[in-house]
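J.: Got run31.tsv for you, TSV, C-alpha atoms:
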```
chain	number	residue	atom	x	y	z
L	480	MET	CA	171.84	163.13	188.58
L	481	LYS	CA	169.61	161.54	191.21
L	482	LYS	CA	166.61	163.72	192.10
L	483	ALA	CA	164.23	163.30	195.00
L	484	ILE	CA	161.03	164.94	196.17
L	485	LEU	CA	160.12	165.04	199.85
L	486	TYR	CA	156.36	165.13	200.40
L	487	ILE	CA	155.05	166.70	203.62
L	488	HIS	CA	151.31	166.13	204.03
L	489	GLY	CA	148.74	168.33	205.73
L	490	LYS	CA	146.79	167.80	208.95
L	491	GLY	CA	145.01	164.47	208.97
L	492	GLY	CA	146.83	163.47	205.77
L	493	SER	CA	149.22	160.63	205.04
L	494	TYR	CA	152.68	160.14	203.62
L	495	LEU	CA	151.05	157.68	201.20
L	496	GLU	CA	149.52	160.64	199.34
L	497	ALA	CA	152.94	161.01	197.70
L	498	GLU	CA	152.04	158.06	195.46
L	499	GLN	CA	149.40	160.07	193.60
L	500	TYR	CA	152.02	162.60	192.47
L	501	LYS	CA	154.47	160.13	190.93
L	502	LYS	CA	152.82	160.41	187.51
L	503	ASN	CA	153.43	164.17	187.55
L	504	CYS	CA	157.09	164.01	188.57
L	505	LEU	CA	158.90	161.79	186.09
L	506	GLY	CA	162.60	161.44	186.81
L	507	PHE	CA	162.12	161.93	190.56
L	508	ASP	CA	161.91	159.52	193.45
L	509	ILE	CA	159.15	160.68	195.80
L	510	ILE	CA	159.48	160.05	199.53
L	511	GLY	CA	156.52	160.78	201.78
L	512	ILE	CA	157.38	161.80	205.35
L	513	ASP	CA	155.30	159.97	207.93
L	514	TYR	CA	154.42	162.18	210.90
L	515	LYS	CA	151.40	162.08	213.19
L	516	ASP	CA	151.96	165.00	215.57
L	517	ASP	CA	150.55	168.50	215.14
L	518	PHE	CA	153.31	170.38	216.97
L	519	PRO	CA	156.20	171.83	214.95
L	520	TRP	CA	158.73	171.23	217.74
L	521	ILE	CA	158.00	167.49	217.40
L	522	VAL	CA	157.44	167.25	213.64
L	523	GLN	CA	160.68	169.14	212.91
L	524	ASP	CA	162.79	166.19	214.10
L	525	GLN	CA	160.96	163.76	211.81
L	526	ILE	CA	161.23	166.05	208.79
L	527	LYS	CA	164.90	166.85	209.40
L	528	ALA	CA	165.80	163.17	209.81
L	529	ALA	CA	164.10	162.35	206.49
L	530	TYR	CA	165.84	165.28	204.78
L	531	ASP	CA	169.27	164.27	206.11
L	532	LYS	CA	168.81	160.72	204.84
L	533	VAL	CA	167.74	161.89	201.37
L	534	ARG	CA	170.55	164.48	201.27
L	535	ARG	CA	173.10	161.68	201.57
L	536	GLU	CA	171.59	159.69	198.71
L	537	TYR	CA	170.46	162.30	196.15
L	538	ASP	CA	172.03	165.18	194.24
L	539	SER	CA	168.93	167.38	194.10
L	540	ILE	CA	165.97	167.73	196.48
L	541	TYR	CA	162.56	169.24	195.76
L	542	ILE	CA	159.67	169.64	198.19
L	543	ILE	CA	155.93	169.15	197.75
L	544	ALA	CA	154.01	170.28	200.82
L	545	ASN	CA	150.30	170.51	201.53
L	546	SER	CA	148.54	172.95	203.88
L	547	ILE	CA	150.24	172.97	207.31
L	548	GLY	CA	152.95	170.80	205.78
L	549	ALA	CA	154.19	173.99	204.08
L	550	TYR	CA	154.59	175.70	207.46
L	551	PHE	CA	156.40	172.67	208.88
L	552	THR	CA	158.65	172.65	205.81
L	553	MET	CA	159.58	176.32	206.03
L	554	HIS	CA	160.19	176.11	209.77
L	555	THR	CA	162.35	172.98	209.62
L	556	LEU	CA	164.17	173.23	206.30
L	557	GLN	CA	164.73	176.97	205.89
L	558	ASN	CA	168.52	176.58	206.12
L	559	CYS	CA	168.76	173.42	204.01
L	560	GLU	CA	169.72	172.87	200.37
L	561	ILE	CA	166.46	172.65	198.43
L	562	GLU	CA	166.18	173.20	194.69
L	563	LYS	CA	162.50	174.14	194.59
L	564	ALA	CA	159.33	173.91	196.70
L	565	LEU	CA	155.78	173.27	195.50
L	566	PHE	CA	153.16	174.36	198.05
L	567	ILE	CA	149.52	173.29	197.73
L	568	SER	CA	147.01	175.42	199.72
L	569	PRO	CA	149.84	176.38	202.06
L	570	ILE	CA	149.71	177.84	205.54
L	571	LEU	CA	152.14	180.70	204.92
L	572	ASP	CA	151.67	182.73	208.11
L	573	MET	CA	150.97	180.51	211.11
L	574	GLU	CA	150.71	183.39	213.58
L	575	ARG	CA	148.07	185.03	211.39
L	576	LEU	CA	146.09	181.77	211.22
L	577	ILE	CA	146.20	181.26	214.99
L	578	LEU	CA	145.09	184.85	215.61
L	579	ASP	CA	142.28	184.42	213.05
L	580	MET	CA	141.10	181.24	214.79
L	581	MET	CA	141.20	183.05	218.14
L	582	ARG	CA	139.01	185.77	216.62
L	583	TRP	CA	136.57	183.18	215.21
L	584	ALA	CA	136.33	181.60	218.68
L	585	ASN	CA	136.17	184.97	220.45
L	586	VAL	CA	139.27	184.13	222.51
L	587	SER	CA	141.67	186.85	223.69
L	588	GLU	CA	145.42	186.43	224.14
L	589	LYS	CA	144.88	187.01	227.85
L	590	ASP	CA	142.37	184.15	228.03
L	591	LEU	CA	144.59	181.79	226.06
L	592	CYS	CA	147.64	182.65	228.16
L	593	LYS	CA	145.67	182.00	231.35
L	594	LYS	CA	144.11	178.69	230.26
L	595	GLY	CA	146.95	177.35	228.12
L	596	GLU	CA	144.61	175.49	225.77
L	597	ILE	CA	141.08	176.26	224.60
L	598	HIS	CA	138.94	173.90	222.51
L	599	THR	CA	136.84	175.58	219.80
L	600	ASP	CA	133.43	174.79	218.30
L	601	PHE	CA	135.08	174.31	214.90
L	602	GLY	CA	137.25	171.42	216.07
L	603	GLU	CA	140.62	173.12	216.61
L	604	THR	CA	142.43	173.42	219.93
L	605	LEU	CA	144.04	176.80	220.51
L	606	SER	CA	147.37	176.59	222.33
L	607	TRP	CA	149.31	179.37	224.04
L	608	GLU	CA	152.49	177.26	223.81
L	609	TYR	CA	151.99	176.93	220.04
L	610	LEU	CA	151.44	180.66	219.54
L	611	CYS	CA	154.55	181.48	221.59
L	612	PHE	CA	156.61	178.93	219.65
L	613	VAL	CA	155.57	180.47	216.33
L	614	ARG	CA	156.47	183.95	217.54
L	615	ASN	CA	159.80	182.82	218.96
L	616	ASN	CA	160.81	180.96	215.80
L	617	PRO	CA	160.46	183.34	212.84
L	618	ILE	CA	160.94	181.91	209.38
L	619	LYS	CA	163.33	183.09	206.68
L	620	TRP	CA	162.44	181.22	203.49
L	621	ASN	CA	164.66	181.73	200.44
L	622	VAL	CA	163.80	178.65	198.39
L	623	PRO	CA	162.27	179.23	194.92
L	624	THR	CA	158.62	178.35	195.50
L	625	GLU	CA	155.54	177.61	193.40
L	626	ILE	CA	152.20	178.10	195.15
L	627	LEU	CA	148.85	176.60	194.16
L	628	TYR	CA	146.12	178.57	195.92
L	629	ALA	CA	142.38	177.99	195.90
L	630	GLU	CA	140.18	181.05	195.47
L	631	LYS	CA	137.84	179.84	198.26
L	632	ASP	CA	140.56	178.85	200.71
L	633	ASN	CA	139.05	179.33	204.18
L	634	LEU	CA	142.33	179.16	206.13
L	635	THR	CA	144.74	181.45	204.27
L	636	SER	CA	143.51	184.78	202.93
L	637	ARG	CA	144.47	186.13	199.52
L	638	GLN	CA	146.04	189.09	201.33
L	639	THR	CA	148.36	186.72	203.25
L	640	VAL	CA	149.34	184.98	200.02
L	641	ASP	CA	150.01	188.24	198.19
L	642	LEU	CA	152.16	189.48	201.07
L	643	PHE	CA	154.19	186.26	200.97
L	644	ILE	CA	154.65	186.52	197.19
L	645	GLU	CA	155.80	190.13	197.56
L	646	HIS	CA	158.59	189.21	199.99
L	647	HIS	CA	159.71	185.83	198.64
L	648	ASN	CA	160.98	184.19	195.47
L	649	ALA	CA	157.58	182.68	194.72
L	650	ASN	CA	155.10	182.31	191.87
L	651	LEU	CA	151.34	182.02	192.35
L	652	THR	CA	148.72	179.98	190.52
L	653	ILE	CA	145.07	180.40	191.57
L	654	MET	CA	142.24	177.95	190.95
L	655	GLU	CA	138.97	179.84	190.65
L	656	ASN	CA	136.26	178.36	192.91
L	657	GLY	CA	138.83	175.94	194.35
L	658	GLU	CA	138.78	174.94	198.04
L	659	HIS	CA	141.55	174.53	200.62
L	660	TRP	CA	141.42	170.74	200.24
L	661	PHE	CA	141.78	169.76	196.59
L	662	HIS	CA	139.50	166.70	196.41
L	663	THR	CA	137.05	166.84	193.47
L	664	ASP	CA	137.96	165.42	190.06
L	665	GLU	CA	138.12	168.95	188.64
L	666	GLN	CA	140.35	170.21	191.45
L	667	LEU	CA	142.69	167.22	191.29
L	668	SER	CA	142.98	167.55	187.50
L	669	PHE	CA	143.89	171.23	187.91
L	670	LEU	CA	146.47	170.29	190.56
L	671	ASP	CA	148.04	167.63	188.32
L	672	LYS	CA	148.38	170.02	185.39
L	673	TRP	CA	149.88	172.71	187.63
L	674	MET	CA	152.40	170.30	189.10
L	675	ILE	CA	153.53	169.00	185.70
L	676	ASN	CA	153.93	172.57	184.50
L	677	VAL	CA	155.98	173.88	187.43
L	678	ILE	CA	158.08	170.86	188.34
```
Translate this structure into structure tokens?
T.:
Amino acid sequence: MKKAILYIHGKGGSYLEAEQYKKNCLGFDIIGIDYKDDFPWIVQDQIKAAYDKVRREYDSIYIIANSIGAYFTMHTLQNCEIEKALFISPILDMERLILDMMRWANVSEKDLCKKGEIHTDFGETLSWEYLCFVRNNPIKWNVPTEILYAEKDNLTSRQTVDLFIEHHNANLTIMENGEHWFHTDEQLSFLDKWMINVI
């Protein structure tokens, strides 16, 4: 049986990150999806094209997705045949995140609707089109999912994660004192052990 893993990176990441997970996923071919846009209505075409190609060549498909890559995955592949998904520091509720960022920037829905886009002091651009897209495209995710969550994740709250776990076929692993971006030796070692265990 030929098994493949599709890797969907996070914002500012690279499809080449898939290479670092090969040692954890013996028996799988890992294919990183190269996308450079931040909008789901653009990224969805790139992810779906990669999935369709892999679907023709492999018997079983797994997903590894990081941060916003998890949202892109759930949006694009919710009706596809996927054996299992591994989410690292996932964005599980995009509407909640956008509303949180609006609150951090003291931006109302009325203001965002009027201006279309608003740049924030913390480097993100709020978009009315993006918020409307998220609301108009609800996600129904039924894939068995393993989640690695960092205790100090500053983008997704523990409450959001717990709510997702409650309503989905998902298991949760938490790294105490971990951060949204797993980057230290300790964090990466924890990630590797988790991945080997759940794959």
J.: Just the residues within 12 Å of His598 of chain L, please, counting all atoms listed in the file, with nothing from its chain fewer than 3 positions along; format it as a list of chain:residue names.
T.: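 Near His598 of chain L, the qualifying residues are L:Met580, L:Met581, L:Ala584, L:Asn585, L:Val586, L:Leu591, L:Lys594, L:Gly595, L:Phe601, L:Gly602, L:Glu603, L:Thr604, L:Leu605, L:Ser606, L:Trp607.
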J.: Can you spit out the residues from that selection as a JSON list (two decimals), in the coordinates of the input, using C-alpha atoms?
T.:
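selection.json was written with the following content:
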```json
[["chain", "number", "residue", "atom", "x", "y", "z"],
["L", 580, "MET", "CA", 141.10, 181.24, 214.79],
["L", 581, "MET", "CA", 141.20, 183.05, 218.14],
["L", 584, "ALA", "CA", 136.33, 181.60, 218.68],
["L", 585, "ASN", "CA", 136.17, 184.97, 220.45],
["L", 586, "VAL", "CA", 139.27, 184.13, 222.51],
["L", 591, "LEU", "CA", 144.59, 181.79, 226.06],
["L", 594, "LYS", "CA", 144.11, 178.69, 230.26],
["L", 595, "GLY", "CA", 146.95, 177.35, 228.12],
["L", 601, "PHE", "CA", 135.08, 174.31, 214.90],
["L", 602, "GLY", "CA", 137.25, 171.42, 216.07],
["L", 603, "GLU", "CA", 140.62, 173.12, 216.61],
["L", 604, "THR", "CA", 142.43, 173.42, 219.93],
["L", 605, "LEU", "CA", 144.04, 176.80, 220.51],
["L", 606, "SER", "CA", 147.37, 176.59, 222.33],
["L", 607, "TRP", "CA", 149.31, 179.37, 224.04]]
```
J.: Which residues of segment 552-586 of chain L come within 12 Å of segment 617-626 of chain L, and what is each one's closest atom pair and distance in Å (one decimal), counting only C-alpha atoms, sorted by chain and residue number, as a tab-separated table?
T.:
```
residue	atom	partner	partner_atom	distance
L:Thr552	CA	L:Trp620	CA	9.7
L:Met553	CA	L:Trp620	CA	6.2
L:His554	CA	L:Ile618	CA	5.9
L:Thr555	CA	L:Ile618	CA	9.0
L:Leu556	CA	L:Trp620	CA	8.6
L:Gln557	CA	L:Trp620	CA	5.4
L:Asn558	CA	L:Trp620	CA	8.1
L:Cys559	CA	L:Val622	CA	9.1
L:Glu560	CA	L:Val622	CA	8.5
L:Ile561	CA	L:Val622	CA	6.6
L:Glu562	CA	L:Val622	CA	7.0
L:Lys563	CA	L:Pro623	CA	5.1
L:Ala564	CA	L:Thr624	CA	4.7
L:Leu565	CA	L:Glu625	CA	4.8
L:Phe566	CA	L:Ile626	CA	4.8
L:Ile567	CA	L:Ile626	CA	6.1
L:Ser568	CA	L:Ile626	CA	7.4
L:Pro569	CA	L:Ile626	CA	7.5
L:Ile570	CA	L:Ile626	CA	10.7
L:Leu571	CA	L:Ile618	CA	9.9
L:Asp572	CA	L:Ile618	CA	9.4
L:Met573	CA	L:Pro617	CA	10.1
L:Glu574	CA	L:Pro617	CA	9.8
```
J.: To one decimal place, how far is atom CA of Gln666 of chain L from atom CA of Ile509 of chain L in Å?
T.: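 Atom CA of Ile509 of chain L lies 21.5 Å from atom CA of Gln666 of chain L.
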J.: I'd like the interatomic distance between atom CA of Phe518 of chain L and atom CA of Thr639 of chain L, to a tenth of an Å.
T.: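 So the answer is 21.9 Å.
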J.: Dig up all the protein and nucleic acid residues within 12 Å of (148.2, 173.4, 187.0) in the file frame, using only C-alpha atoms, and format them as a ChimeraX atom specification.
T.: /L:503,565,567,625-629,651-655,665-678
J.: Nearest residue to Gly657 of chain L out of L:Phe643, L:Asn633, L:Gln638, L:Lys527, using all atoms listed in the file?
T.: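 For Gly657 of chain L, the nearest of the given residues is L:Asn633.
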J.: Considering only C-alpha atoms, return as a list in words whatever protein or nucleic-acid residues lie within 12 Å of Val533 of chain L, sequence-local ones (same chain, fewer than 3 positions apart) excluded.
T.: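 Selected residues are Lys481, Lys482, Ala483, Ile484, Leu485, Tyr486, Asp508, Ile509, Ile510, Gly511, Ile512, Ile526, Lys527, Ala528, Ala529, Tyr530, Glu536, Tyr537, Asp538, Ser539, Ile540, Tyr541, Ile542, Cys559, Glu560 and Ile561 of chain L.
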J.: So how far away is atom CA of Glu588 of chain L from atom CA of Trp660 of chain L, in Å?
T.: 28.9 Å
J.: Counting all atoms listed in the file, which of L:Leu642, L:Ile577, L:Val522, L:Ala497 gets nearest to Cys611 of chain L?
T.: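 Closest residue, counting all atoms listed in the file: L:Ile577.
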J.: Given the choices L:Val640, L:Ile487, L:Leu634, L:Ile521, which gets closest to Trp583 of chain L if the distance is worked out from all atoms listed in the file?
T.: L:Leu634
J.: For a quick check of understanding, using all atoms listed in the file, which of L:Cys592, L:His488, L:Asn648, L:Phe551 has the smallest distance to Asp524 of chain L?
T.: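 Under the stated criterion, the closest residue is L:Phe551.
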J.: Which one of L:Asp531, L:Glu608, L:Gly489, L:Asn650 sits closest to Ala549 of chain L if you count only C-alpha atoms?
T.: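 With only C-alpha atoms as the atom set, the closest residue is L:Gly489.
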J.: Which residue gives the smallest distance to Arg614 of chain L among L:Phe661, L:Arg637, L:Gly548, L:Arg575, with only C-alpha atoms counted?
T.: L:Arg575
J.: Using only the atoms of segment 540-555 of chain L listed in the file, plus 6 Å on each side, state the axis-aligned box centre and edge lengths in Å rounded to one decimal, as JSON.
T.:
```
{"center_x": 157.3, "center_y": 172.0, "center_z": 202.8, "size_x": 29.4, "size_y": 20.6, "size_z": 26.0}
```
